[in-house]
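Structure data follow from final_13.cif (mmCIF, C-alpha atoms and all ligand atoms):
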```
data_start
#
loop_
_atom_site.label_atom_id
_atom_site.label_comp_id
_atom_site.auth_asym_id
_atom_site.auth_seq_id
_atom_site.Cartn_x
_atom_site.Cartn_y
_atom_site.Cartn_z
CA MET Q 1 119.05 102.20 109.44
CA ILE Q 2 116.02 103.42 107.48
CA ARG Q 3 117.63 106.86 107.02
CA THR Q 4 120.76 105.17 105.70
CA LEU Q 5 118.83 103.08 103.19
CA GLU Q 6 116.89 106.16 102.10
CA GLU Q 7 120.12 108.07 101.60
CA ALA Q 8 121.51 105.28 99.38
CA ALA Q 9 118.24 105.13 97.38
CA ILE Q 10 118.26 108.90 96.84
CA ILE Q 11 121.85 108.83 95.57
CA ALA Q 12 120.82 106.18 93.01
CA GLY Q 13 117.54 108.00 92.26
CA ASN Q 14 119.40 111.20 91.39
CA ILE Q 15 121.61 109.34 88.92
CA ILE Q 16 118.52 107.75 87.34
CA ARG Q 17 116.56 111.03 87.12
CA ASP Q 18 119.56 112.77 85.52
CA GLY Q 19 119.83 109.99 82.94
CA PHE Q 20 116.12 109.77 82.09
CA ARG Q 21 115.37 110.39 78.39
CA LYS Q 22 119.04 111.16 77.74
CA GLN Q 23 121.50 109.11 75.71
CA PHE Q 24 122.72 105.95 77.43
CA SER Q 25 124.05 102.62 76.28
CA ILE Q 26 121.83 99.53 76.45
CA GLU Q 27 122.89 95.88 76.50
CA PHE Q 28 120.79 92.70 76.29
CA LYS Q 29 121.12 90.28 79.20
CA THR Q 30 119.47 86.91 78.43
CA ASN Q 31 117.42 88.06 75.41
CA LYS Q 32 116.07 91.15 73.62
CA MET Q 33 113.39 91.65 76.31
CA ASN Q 34 115.90 91.72 79.15
CA LEU Q 35 117.82 94.99 79.12
CA VAL Q 36 120.45 96.62 81.27
CA THR Q 37 121.41 100.25 80.72
CA GLU Q 38 124.50 102.17 81.64
CA ILE Q 39 122.31 103.95 84.23
CA ASP Q 40 121.34 100.68 86.01
CA LYS Q 41 125.05 99.98 86.43
CA LYS Q 42 125.94 103.52 87.56
CA ALA Q 43 123.11 103.55 90.11
CA GLU Q 44 124.15 100.16 91.46
CA SER Q 45 127.83 101.14 91.78
CA ALA Q 46 126.82 104.26 93.70
CA ILE Q 47 124.80 102.22 96.22
CA ILE Q 48 127.55 99.64 96.60
CA ASN Q 49 130.19 102.35 97.15
CA TYR Q 50 127.93 103.89 99.78
CA VAL Q 51 127.57 100.55 101.62
CA GLN Q 52 131.26 99.69 101.40
CA LYS Q 53 132.29 103.11 102.68
CA ASN Q 54 129.82 103.20 105.60
CA PHE Q 55 129.36 99.50 106.45
CA PRO Q 56 132.44 97.60 105.27
CA SER Q 57 131.43 94.40 107.10
CA HIS Q 58 128.00 94.19 105.43
CA GLY Q 59 127.33 91.79 102.56
CA ILE Q 60 125.63 92.66 99.29
CA ILE Q 61 123.23 90.92 96.90
CA ALA Q 62 122.85 93.19 93.88
CA GLU Q 63 121.14 92.57 90.56
CA GLU Q 64 123.82 93.69 88.13
CA SER Q 65 127.05 92.78 89.92
CA GLY Q 66 126.05 89.74 91.99
CA SER Q 67 126.80 88.88 95.60
CA THR Q 68 129.67 89.59 97.97
CA GLY Q 69 129.62 88.44 101.57
CA ALA Q 70 126.07 87.08 101.19
CA LYS Q 71 126.60 85.08 104.42
CA SER Q 72 127.41 88.17 106.51
CA LYS Q 73 125.15 89.02 109.46
CA TYR Q 74 123.86 92.08 107.60
CA VAL Q 75 123.17 91.87 103.85
CA TRP Q 76 121.91 94.64 101.57
CA VAL Q 77 119.62 93.42 98.77
CA ILE Q 78 119.68 95.94 95.93
CA ASP Q 79 117.69 96.54 92.77
CA PRO Q 80 119.26 99.77 91.54
CA LEU Q 81 116.60 100.36 88.88
CA ASP Q 82 113.39 98.36 88.97
CA GLY Q 83 111.54 99.01 85.74
CA THR Q 84 114.46 99.12 83.32
CA THR Q 85 112.27 98.55 80.25
CA ASN Q 86 110.10 101.54 81.22
CA PHE Q 87 113.21 103.63 81.85
CA ALA Q 88 114.82 102.65 78.54
CA HIS Q 89 111.64 103.57 76.62
CA GLY Q 90 111.07 106.89 78.39
CA LEU Q 91 108.09 105.77 80.53
CA PRO Q 92 108.41 107.42 83.97
CA ILE Q 93 107.52 104.38 86.13
CA PHE Q 94 110.61 102.94 87.83
CA SER Q 95 112.13 102.76 91.26
CA VAL Q 96 115.14 101.98 93.41
CA SER Q 97 114.62 99.11 95.86
CA VAL Q 98 116.93 98.49 98.80
CA GLY Q 99 116.32 95.96 101.58
CA LEU Q 100 118.46 95.10 104.58
CA MET Q 101 118.57 91.57 105.98
CA LYS Q 102 119.87 90.64 109.42
CA SER Q 103 120.64 86.94 109.94
CA GLY Q 104 118.45 86.01 106.97
CA LYS Q 105 115.41 88.18 107.88
CA THR Q 106 114.49 91.49 106.28
CA ILE Q 107 114.62 94.17 108.97
CA CYS Q 108 114.02 97.25 106.86
CA GLY Q 109 113.45 98.28 103.30
CA VAL Q 110 112.92 101.33 101.12
CA ILE Q 111 111.54 101.80 97.62
CA TYR Q 112 112.09 105.14 95.96
CA ASP Q 113 109.66 105.96 93.13
CA VAL Q 114 112.04 108.30 91.40
CA MET Q 115 109.81 110.46 89.19
CA ARG Q 116 107.11 110.87 91.86
CA ASP Q 117 109.78 111.58 94.48
CA ALA Q 118 107.91 109.11 96.71
CA MET Q 119 109.97 107.30 99.34
CA TYR Q 120 108.27 104.18 100.71
CA SER Q 121 109.84 102.65 103.80
CA ALA Q 122 109.28 100.06 106.49
CA GLU Q 123 111.10 98.71 109.47
CA VAL Q 124 110.00 95.41 110.94
CA GLY Q 125 107.38 95.98 113.66
CA SER Q 126 107.10 99.74 113.05
CA GLY Q 127 104.62 100.13 110.19
CA ALA Q 128 105.04 101.36 106.63
CA PHE Q 129 105.38 104.94 105.39
CA MET Q 130 105.36 107.06 102.24
CA ASN Q 131 107.33 110.28 102.58
CA GLY Q 132 106.92 110.00 106.35
CA GLU Q 133 103.12 109.44 106.32
CA LYS Q 134 101.85 106.10 107.60
CA ILE Q 135 100.30 103.93 104.87
CA LYS Q 136 97.84 101.01 105.11
CA VAL Q 137 96.42 98.44 102.72
CA ASN Q 138 92.81 99.02 101.74
CA GLU Q 139 89.80 97.25 103.28
CA ASN Q 140 88.08 96.00 100.15
CA ASP Q 141 86.99 92.37 100.35
CA ASP Q 142 85.29 92.10 96.96
CA LEU Q 143 87.67 91.37 94.10
CA GLU Q 144 85.00 92.47 91.62
CA GLU Q 145 85.51 95.97 93.04
CA GLY Q 146 89.29 95.72 93.20
CA VAL Q 147 92.16 96.71 90.93
CA ILE Q 148 95.04 94.27 90.85
CA VAL Q 149 98.44 94.20 89.18
CA THR Q 150 100.91 91.70 87.80
CA GLY Q 151 104.14 91.45 85.87
CA PHE Q 152 105.73 88.97 83.50
CA PRO Q 153 109.23 87.49 83.73
CA TYR Q 154 111.80 87.91 80.93
CA ASN Q 155 111.80 84.15 80.28
CA ILE Q 156 108.06 84.08 79.60
CA ARG Q 157 108.56 82.73 76.08
CA GLU Q 158 110.38 79.67 77.42
CA ASN Q 159 108.29 79.36 80.62
CA PRO Q 160 104.80 80.70 79.98
CA ASP Q 161 103.53 79.14 83.27
CA ASN Q 162 99.89 79.80 82.32
CA ALA Q 163 100.54 83.51 82.67
CA ILE Q 164 98.01 84.50 80.03
CA GLU Q 165 95.35 82.12 81.37
CA LYS Q 166 95.78 83.59 84.86
CA PHE Q 167 95.70 87.12 83.47
CA ASN Q 168 92.47 86.32 81.58
CA ARG Q 169 90.84 84.84 84.65
CA PHE Q 170 91.65 87.89 86.74
CA LEU Q 171 90.27 90.14 83.97
CA MET Q 172 86.98 88.28 84.38
CA ASN Q 173 86.98 88.55 88.19
CA ALA Q 174 88.41 91.98 89.07
CA ARG Q 175 87.43 95.53 88.19
CA ALA Q 176 90.72 95.98 86.34
CA VAL Q 177 94.16 94.40 85.93
CA ARG Q 178 97.30 96.49 85.45
CA ARG Q 179 100.90 95.75 84.38
CA LEU Q 180 103.10 98.68 85.45
CA GLY Q 181 106.58 97.23 84.83
CA SER Q 182 108.13 97.75 88.27
CA ALA Q 183 107.44 94.98 90.77
CA ALA Q 184 108.72 97.18 93.60
CA ILE Q 185 106.14 99.87 92.76
CA ASP Q 186 103.45 97.18 92.48
CA PHE Q 187 104.16 96.18 96.09
CA CYS Q 188 104.04 99.84 97.19
CA TYR Q 189 100.65 100.43 95.59
CA VAL Q 190 99.28 97.39 97.44
CA ALA Q 191 100.77 98.73 100.70
CA GLU Q 192 99.22 102.14 100.06
CA GLY Q 193 95.75 100.74 99.31
CA VAL Q 194 95.73 101.71 95.63
CA PHE Q 195 95.83 98.11 94.43
CA ASP Q 196 94.10 95.26 96.27
CA GLY Q 197 96.59 92.62 95.16
CA PHE Q 198 99.72 91.84 93.16
CA TRP Q 199 100.83 88.44 91.83
CA GLU Q 200 103.88 87.44 89.85
CA VAL Q 201 106.14 84.43 89.28
CA HIS Q 202 109.92 84.18 88.87
CA LEU Q 203 110.74 87.37 90.75
CA ASN Q 204 114.24 87.80 92.14
CA PRO Q 205 115.28 88.61 95.74
CA TRP Q 206 116.06 92.23 94.79
CA ASP Q 207 112.53 92.66 93.35
CA VAL Q 208 110.97 91.36 96.55
CA CYS Q 209 113.08 92.17 99.62
CA ALA Q 210 111.92 95.72 100.42
CA GLY Q 211 108.44 95.43 98.86
CA LYS Q 212 107.38 92.34 100.80
CA LEU Q 213 108.22 94.00 104.13
CA ILE Q 214 106.48 97.25 103.11
CA VAL Q 215 103.25 95.35 102.29
CA GLU Q 216 103.41 93.31 105.52
CA GLU Q 217 104.08 96.39 107.64
CA ALA Q 218 101.14 98.13 105.95
CA GLY Q 219 98.87 95.31 107.20
CA GLY Q 220 98.90 93.15 104.05
CA ILE Q 221 99.72 89.50 103.46
CA VAL Q 222 102.42 87.97 101.25
CA THR Q 223 102.42 84.23 100.44
CA ASN Q 224 103.13 81.86 97.60
CA PHE Q 225 100.23 80.44 95.55
CA LYS Q 226 99.72 77.67 98.13
CA ASN Q 227 99.14 80.25 100.85
CA GLU Q 228 102.49 79.40 102.46
CA LYS Q 229 104.84 81.99 103.93
CA THR Q 230 107.52 83.02 101.47
CA ASP Q 231 111.02 84.30 101.79
CA ILE Q 232 112.66 86.64 99.31
CA PHE Q 233 113.94 83.68 97.26
CA SER Q 234 110.47 82.25 96.63
CA SER Q 235 109.50 82.08 92.98
CA GLN Q 236 105.77 82.83 93.42
CA MET Q 237 104.52 85.97 95.07
CA LEU Q 238 100.98 86.97 96.04
CA ALA Q 239 100.76 90.23 97.98
CA THR Q 240 97.32 91.50 98.96
CA ASN Q 241 95.33 93.56 101.41
CA GLY Q 242 94.50 90.24 103.15
CA LYS Q 243 90.79 90.52 102.35
CA VAL Q 244 90.99 89.37 98.71
CA HIS Q 245 93.79 86.88 99.37
CA ASN Q 246 91.66 83.72 99.36
CA LYS Q 247 89.78 84.74 96.23
CA MET Q 248 93.05 85.46 94.42
CA LEU Q 249 94.49 82.11 95.60
CA GLU Q 250 91.40 80.33 94.28
CA ILE Q 251 91.83 81.97 90.86
CA LEU Q 252 95.58 81.29 90.75
CA ASN Q 253 94.98 77.61 91.52
CA MET Q 254 92.32 76.94 88.90
CA ASP Q 255 94.76 75.10 86.63
C1 LIG Q 301 111.46 93.72 86.41
C2 LIG Q 301 110.25 94.53 86.82
C3 LIG Q 301 108.99 94.00 86.19
C4 LIG Q 301 108.79 92.53 86.49
C5 LIG Q 301 110.01 91.72 86.12
C6 LIG Q 301 111.25 92.28 86.81
P1 LIG Q 301 113.84 95.02 86.30
O1 LIG Q 301 112.64 94.18 87.06
O2 LIG Q 301 110.10 94.52 88.21
O3 LIG Q 301 107.84 94.67 86.65
O4 LIG Q 301 107.65 92.08 85.81
O5 LIG Q 301 109.79 90.39 86.54
O6 LIG Q 301 112.37 91.52 86.45
O7 LIG Q 301 114.49 94.07 85.35
O8 LIG Q 301 113.22 96.17 85.61
O9 LIG Q 301 114.71 95.37 87.44
CA CA Q 302 113.72 94.29 89.24
CA CA Q 303 116.70 96.16 87.96
#
```
Since I need it in another form, could you write the structure as structure tokens?
Amino acid sequence: MIRTLEEAAIIAGNIIRDGFRKQFSIEFKTNKMNLVTEIDKKAESAIINYVQKNFPSHGIIAEESGSTGAKSKYVWVIDPLDGTTNFAHGLPIFSVSVGLMKSGKTICGVIYDVMRDAMYSAEVGSGAFMNGEKIKVNENDDLEEGVIVTGFPYNIRENPDNAIEKFNRFLMNARAVRRLGSAAIDFCYVAEGVFDGFWEVHLNPWDVCAGKLIVEEAGGIVTNFKNEKTDIFSSQMLATNGKVHNKMLEILNMD
């Protein structure tokens, strides 16, 4: 199935690359921070057409068009363009994220970092890869020597959830804190050992499905802020190399 997911992600990636820094229409979703472009929609339709043509019995959970057959045995979880704000402003950090669930469990996932032409993939029990090369989380156990990453939800003005306090605390305890603007890429950089950890609240299933599996298959850990196992519907996400997990939990739970 991995090859099939990769094929779907490449079809969407080509649409996104062709549209980058060109003219496209933009609409607001819930507010002026939360955008959807014509390219998000085109990329999503292309993936959905691909699934419906090749796997007509499979269900779909997709960001822009919602769910169909979400109770099917196999369900594709699709973020056609993760990093829409970056894309809309011409910043080349965005990805396509596609996960496949079987009976409620993610069995494989791919994240395609479009402008780096980097295809991250994982299948449950078989490890994680970037363009075919095995990837692993890093071994650092000292947060003071680590670089970590986060993101902020579009409803932050209504639900600040101590986001700035947490960000400040991590600034004081890590070598550096980044905010890239694509949760899927954040997961990949943890899986690849670039970042030591990634935390965020209010993510959606399509932001998480492929990335969580990729981190776990690269030897990392993904929990909520209480150190409990999460599923893709969980609202809190902490993904780390495992070695800085407790320290990050401690900092997240200071309030
Ligand atoms: C967003 C990005 C961003 C994260 C937001 C997501 P979108 O997804 O992943 O990094 O901070 O929470 O909603 O809207 O670009 O697909
Ligand atoms: Ca997203
Ligand atoms: Ca998206």
When the cut-off is 12 Å and you count all atoms listed in the file, which residues lie near ligand CA 303 (chain Q), shown as a ChimeraX atom specification?
-> /Q:12,16,29,34-44,62-65,77-88,94-98,154,181-184,203-208
Determine, counting only C-alpha atoms, which protein, DNA and RNA residues have an atom within 12 Å of an atom of Val51 in chain Q; residues of the same chain fewer than 3 positions away are not included. Present the result as a list in words.
->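 Contacts, with the query itself left out: Met1, Thr4, Leu5, Glu7, Ala8, Ala9, Ile11, Glu44, Ser45, Ala46, Ile47, Ile48, Asn54, Phe55, Pro56, Ser57, His58, Gly59, Ile60, Ile61, Ala62, Thr68, Tyr74, Val75, Trp76, Val77, Ile78, Val98 and Leu100 of chain Q.
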What box, with edges along x, y and z, holds each listed atom of ligand LIG 301 (chain Q) when 5 Å is added on every side, and can you state its centre and edge lengths in Å to one decimal, as lines of an AutoDock Vina configuration file?
```
center_x = 111.2
center_y = 93.3
center_z = 86.8
size_x = 17.1
size_y = 15.8
size_z = 12.9
```
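For the residues Q:Phe187, Q:Phe233, Q:Trp199, Q:Phe152, ranking by smallest atom-to-atom distance to ligand LIG 301 (chain Q) using all atoms listed in the file places Q:Phe152 first.
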Separation of CA of Ser121 in chain Q from CA of Gly219 in chain Q, in Å and rounded to one decimal =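 Separation between CA of Ser121 in chain Q and CA of Gly219 in chain Q: 13.6 Å.
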